[in-house]
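Asks: I have a structure I would like to understand better, so I am pasting it below and will then ask my questions one at a time.
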Amino acid sequence: MPPSFTYEVILYGLLVLGGFGFLWVYYDRRDRAFYDAERRRITFHCIRCDHLYRVKRGIDVAPCPRCGHENTRLKF
């Protein structure tokens with residue numbers, strides 16, 4: 001009678017599915033954190049040199065990277 005590898009095949013399949021599930025969750029969280037950080041940037045418009053620029057987080061006044069003029073954030 002040949003040996004039966006049923007349990008080993010089932011265990012291997014579950015390990016492979018668990019590995020894919022782990023990678024899916026890891027990359028989903030990594031991408032979500034990246035896009036949330038990108039989305040939370042605030043847009044500014046310089047009234048002196050007409051330059052649009054973005055700053056990472058919650059400040060209401062930021063200097064223009066071109067001319068240094070202090071500008072308030074755009075509100076839509």
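Please note that chains go A, B, ... in the order of the structure tokens, that every chain numbers its residues from 1, and that ligands are numbered from 1 in the order shown.
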Would you give me, as a PyMOL selection string, the residues in range 4-76 of chain A that DSSP reads as alpha helix (DSSP H)?
Replies: chain A and resi 6-39
Asks: So that I have them on file, write out the residues from the current selection with N, CA and C atoms, as a tab-separated table (two decimals), in the first residue's frame.
Replies:
```
chain	number	residue	atom	x	y	z
A	6	THR	N	-1.98	12.95	2.13
A	6	THR	CA	-3.13	13.85	2.18
A	6	THR	C	-2.93	14.96	3.20
A	7	TYR	N	-2.53	14.65	4.39
A	7	TYR	CA	-2.35	15.67	5.43
A	7	TYR	C	-1.22	16.63	5.08
A	8	GLU	N	-0.17	16.11	4.49
A	8	GLU	CA	0.95	16.98	4.11
A	8	GLU	C	0.54	17.95	2.99
A	9	VAL	N	-0.25	17.47	2.06
A	9	VAL	CA	-0.71	18.33	0.96
A	9	VAL	C	-1.66	19.40	1.51
A	10	ILE	N	-2.54	19.02	2.40
A	10	ILE	CA	-3.46	19.99	3.00
A	10	ILE	C	-2.68	21.02	3.81
A	11	LEU	N	-1.72	20.58	4.60
A	11	LEU	CA	-0.91	21.49	5.40
A	11	LEU	C	-0.11	22.43	4.51
A	12	TYR	N	0.48	21.90	3.43
A	12	TYR	CA	1.23	22.74	2.49
A	12	TYR	C	0.31	23.77	1.83
A	13	GLY	N	-0.87	23.38	1.43
A	13	GLY	CA	-1.82	24.31	0.83
A	13	GLY	C	-2.23	25.41	1.78
A	14	LEU	N	-2.46	25.05	3.04
A	14	LEU	CA	-2.83	26.06	4.03
A	14	LEU	C	-1.67	27.02	4.31
A	15	LEU	N	-0.45	26.51	4.34
A	15	LEU	CA	0.71	27.38	4.53
A	15	LEU	C	0.89	28.35	3.36
A	16	VAL	N	0.68	27.86	2.16
A	16	VAL	CA	0.79	28.74	0.98
A	16	VAL	C	-0.30	29.80	1.02
A	17	LEU	N	-1.54	29.41	1.31
A	17	LEU	CA	-2.62	30.38	1.40
A	17	LEU	C	-2.37	31.38	2.53
A	18	GLY	N	-1.85	30.93	3.66
A	18	GLY	CA	-1.52	31.82	4.76
A	18	GLY	C	-0.43	32.81	4.37
A	19	GLY	N	0.57	32.33	3.62
A	19	GLY	CA	1.64	33.22	3.15
A	19	GLY	C	1.12	34.29	2.22
A	20	PHE	N	0.25	33.89	1.27
A	20	PHE	CA	-0.34	34.88	0.37
A	20	PHE	C	-1.23	35.86	1.13
A	21	GLY	N	-1.97	35.38	2.11
A	21	GLY	CA	-2.81	36.26	2.93
A	21	GLY	C	-1.98	37.26	3.71
A	22	PHE	N	-0.87	36.80	4.28
A	22	PHE	CA	0.02	37.70	5.02
A	22	PHE	C	0.59	38.77	4.10
A	23	LEU	N	1.06	38.38	2.91
A	23	LEU	CA	1.61	39.36	1.97
A	23	LEU	C	0.54	40.36	1.52
A	24	TRP	N	-0.67	39.88	1.31
A	24	TRP	CA	-1.77	40.75	0.90
A	24	TRP	C	-2.04	41.80	1.97
A	25	VAL	N	-2.14	41.40	3.21
A	25	VAL	CA	-2.41	42.34	4.30
A	25	VAL	C	-1.23	43.31	4.47
A	26	TYR	N	-0.01	42.83	4.39
A	26	TYR	CA	1.17	43.68	4.56
A	26	TYR	C	1.21	44.77	3.49
A	27	TYR	N	1.08	44.39	2.22
A	27	TYR	CA	1.17	45.38	1.15
A	27	TYR	C	-0.04	46.29	1.12
A	28	ASP	N	-1.20	45.82	1.52
A	28	ASP	CA	-2.38	46.67	1.60
A	28	ASP	C	-2.19	47.76	2.65
A	29	ARG	N	-1.68	47.40	3.81
A	29	ARG	CA	-1.43	48.40	4.86
A	29	ARG	C	-0.34	49.38	4.46
A	30	ARG	N	0.71	48.88	3.81
A	30	ARG	CA	1.80	49.75	3.39
A	30	ARG	C	1.32	50.77	2.35
A	31	ASP	N	0.56	50.31	1.37
A	31	ASP	CA	0.06	51.21	0.34
A	31	ASP	C	-0.95	52.20	0.91
A	32	ARG	N	-1.80	51.75	1.82
A	32	ARG	CA	-2.77	52.65	2.42
A	32	ARG	C	-2.07	53.75	3.22
A	33	ALA	N	-1.03	53.41	3.95
A	33	ALA	CA	-0.29	54.42	4.72
A	33	ALA	C	0.38	55.42	3.78
A	34	PHE	N	0.91	54.94	2.66
A	34	PHE	CA	1.56	55.83	1.70
A	34	PHE	C	0.55	56.80	1.08
A	35	TYR	N	-0.59	56.29	0.64
A	35	TYR	CA	-1.57	57.14	-0.02
A	35	TYR	C	-2.27	58.07	0.97
A	36	ASP	N	-2.45	57.66	2.22
A	36	ASP	CA	-3.01	58.56	3.21
A	36	ASP	C	-2.07	59.72	3.50
A	37	ALA	N	-0.79	59.44	3.60
A	37	ALA	CA	0.19	60.51	3.82
A	37	ALA	C	0.22	61.47	2.63
A	38	GLU	N	0.10	60.93	1.43
A	38	GLU	CA	0.10	61.76	0.23
A	38	GLU	C	-1.18	62.60	0.16
A	39	ARG	N	-2.29	62.05	0.59
A	39	ARG	CA	-3.58	62.74	0.51
A	39	ARG	C	-3.68	63.86	1.54
```
Asks: At a cut-off of 12 Å, using only C-alpha atoms, what residues contact range 55-65 of chain A? Leave out same-chain residues fewer than 6 positions from it and give the result as number ranges by chain.
Replies: A: 36-49, 71-75
Asks: Using N, CA and C atoms, can you write the selected residues to a file as a PDB file, in the first residue's frame?
Replies:
```pdb
ATOM      1  N   ASP A  36      -2.446  57.662   2.215  1.00  0.00           N
ATOM      2  CA  ASP A  36      -3.013  58.564   3.215  1.00  0.00           C
ATOM      3  C   ASP A  36      -2.069  59.718   3.501  1.00  0.00           C
ATOM      4  N   ALA A  37      -0.786  59.444   3.601  1.00  0.00           N
ATOM      5  CA  ALA A  37       0.191  60.514   3.821  1.00  0.00           C
ATOM      6  C   ALA A  37       0.221  61.471   2.629  1.00  0.00           C
ATOM      7  N   GLU A  38       0.095  60.931   1.434  1.00  0.00           N
ATOM      8  CA  GLU A  38       0.096  61.757   0.226  1.00  0.00           C
ATOM      9  C   GLU A  38      -1.183  62.600   0.158  1.00  0.00           C
ATOM     10  N   ARG A  39      -2.295  62.052   0.587  1.00  0.00           N
ATOM     11  CA  ARG A  39      -3.577  62.738   0.513  1.00  0.00           C
ATOM     12  C   ARG A  39      -3.685  63.860   1.543  1.00  0.00           C
ATOM     13  N   ARG A  40      -2.996  63.756   2.645  1.00  0.00           N
ATOM     14  CA  ARG A  40      -3.115  64.735   3.726  1.00  0.00           C
ATOM     15  C   ARG A  40      -2.294  65.996   3.505  1.00  0.00           C
ATOM     16  N   ARG A  41      -1.692  66.130   2.383  1.00  0.00           N
ATOM     17  CA  ARG A  41      -0.919  67.342   2.101  1.00  0.00           C
ATOM     18  C   ARG A  41      -1.866  68.505   1.839  1.00  0.00           C
ATOM     19  N   ILE A  42      -1.392  69.704   2.170  1.00  0.00           N
ATOM     20  CA  ILE A  42      -2.197  70.913   2.016  1.00  0.00           C
ATOM     21  C   ILE A  42      -1.609  71.739   0.873  1.00  0.00           C
ATOM     22  N   THR A  43      -2.468  72.267   0.027  1.00  0.00           N
ATOM     23  CA  THR A  43      -2.047  73.019  -1.149  1.00  0.00           C
ATOM     24  C   THR A  43      -2.056  74.515  -0.846  1.00  0.00           C
ATOM     25  N   PHE A  44      -1.019  75.193  -1.318  1.00  0.00           N
ATOM     26  CA  PHE A  44      -0.884  76.632  -1.157  1.00  0.00           C
ATOM     27  C   PHE A  44      -0.686  77.267  -2.530  1.00  0.00           C
ATOM     28  N   HIS A  45      -1.094  78.536  -2.652  1.00  0.00           N
ATOM     29  CA  HIS A  45      -0.881  79.303  -3.876  1.00  0.00           C
ATOM     30  C   HIS A  45      -0.217  80.612  -3.503  1.00  0.00           C
ATOM     31  N   CYS A  46       0.950  80.855  -4.077  1.00  0.00           N
ATOM     32  CA  CYS A  46       1.676  82.089  -3.787  1.00  0.00           C
ATOM     33  C   CYS A  46       1.067  83.228  -4.598  1.00  0.00           C
ATOM     34  N   ILE A  47       0.671  84.286  -3.905  1.00  0.00           N
ATOM     35  CA  ILE A  47       0.070  85.421  -4.605  1.00  0.00           C
ATOM     36  C   ILE A  47       1.120  86.332  -5.228  1.00  0.00           C
ATOM     37  N   ARG A  48       2.374  86.174  -4.820  1.00  0.00           N
ATOM     38  CA  ARG A  48       3.437  87.012  -5.372  1.00  0.00           C
ATOM     39  C   ARG A  48       3.994  86.431  -6.680  1.00  0.00           C
ATOM     40  N   CYS A  49       4.360  85.146  -6.691  1.00  0.00           N
ATOM     41  CA  CYS A  49       4.988  84.576  -7.889  1.00  0.00           C
ATOM     42  C   CYS A  49       4.097  83.562  -8.615  1.00  0.00           C
ATOM     43  N   ASN A  71       2.139  82.523   2.674  1.00  0.00           N
ATOM     44  CA  ASN A  71       0.826  82.386   2.050  1.00  0.00           C
ATOM     45  C   ASN A  71      -0.086  81.542   2.932  1.00  0.00           C
ATOM     46  N   THR A  72      -1.377  81.809   2.808  1.00  0.00           N
ATOM     47  CA  THR A  72      -2.357  80.996   3.507  1.00  0.00           C
ATOM     48  C   THR A  72      -2.787  79.856   2.595  1.00  0.00           C
ATOM     49  N   ARG A  73      -3.332  78.818   3.210  1.00  0.00           N
ATOM     50  CA  ARG A  73      -3.707  77.634   2.446  1.00  0.00           C
ATOM     51  C   ARG A  73      -4.915  77.883   1.562  1.00  0.00           C
ATOM     52  N   LEU A  74      -5.026  77.099   0.495  1.00  0.00           N
ATOM     53  CA  LEU A  74      -6.189  77.174  -0.364  1.00  0.00           C
ATOM     54  C   LEU A  74      -7.343  76.464   0.304  1.00  0.00           C
ATOM     55  N   LYS A  75      -8.511  77.041   0.196  1.00  0.00           N
ATOM     56  CA  LYS A  75      -9.728  76.414   0.726  1.00  0.00           C
ATOM     57  C   LYS A  75     -10.711  76.270  -0.411  1.00  0.00           C
TER      58      LYS A  75
END
```
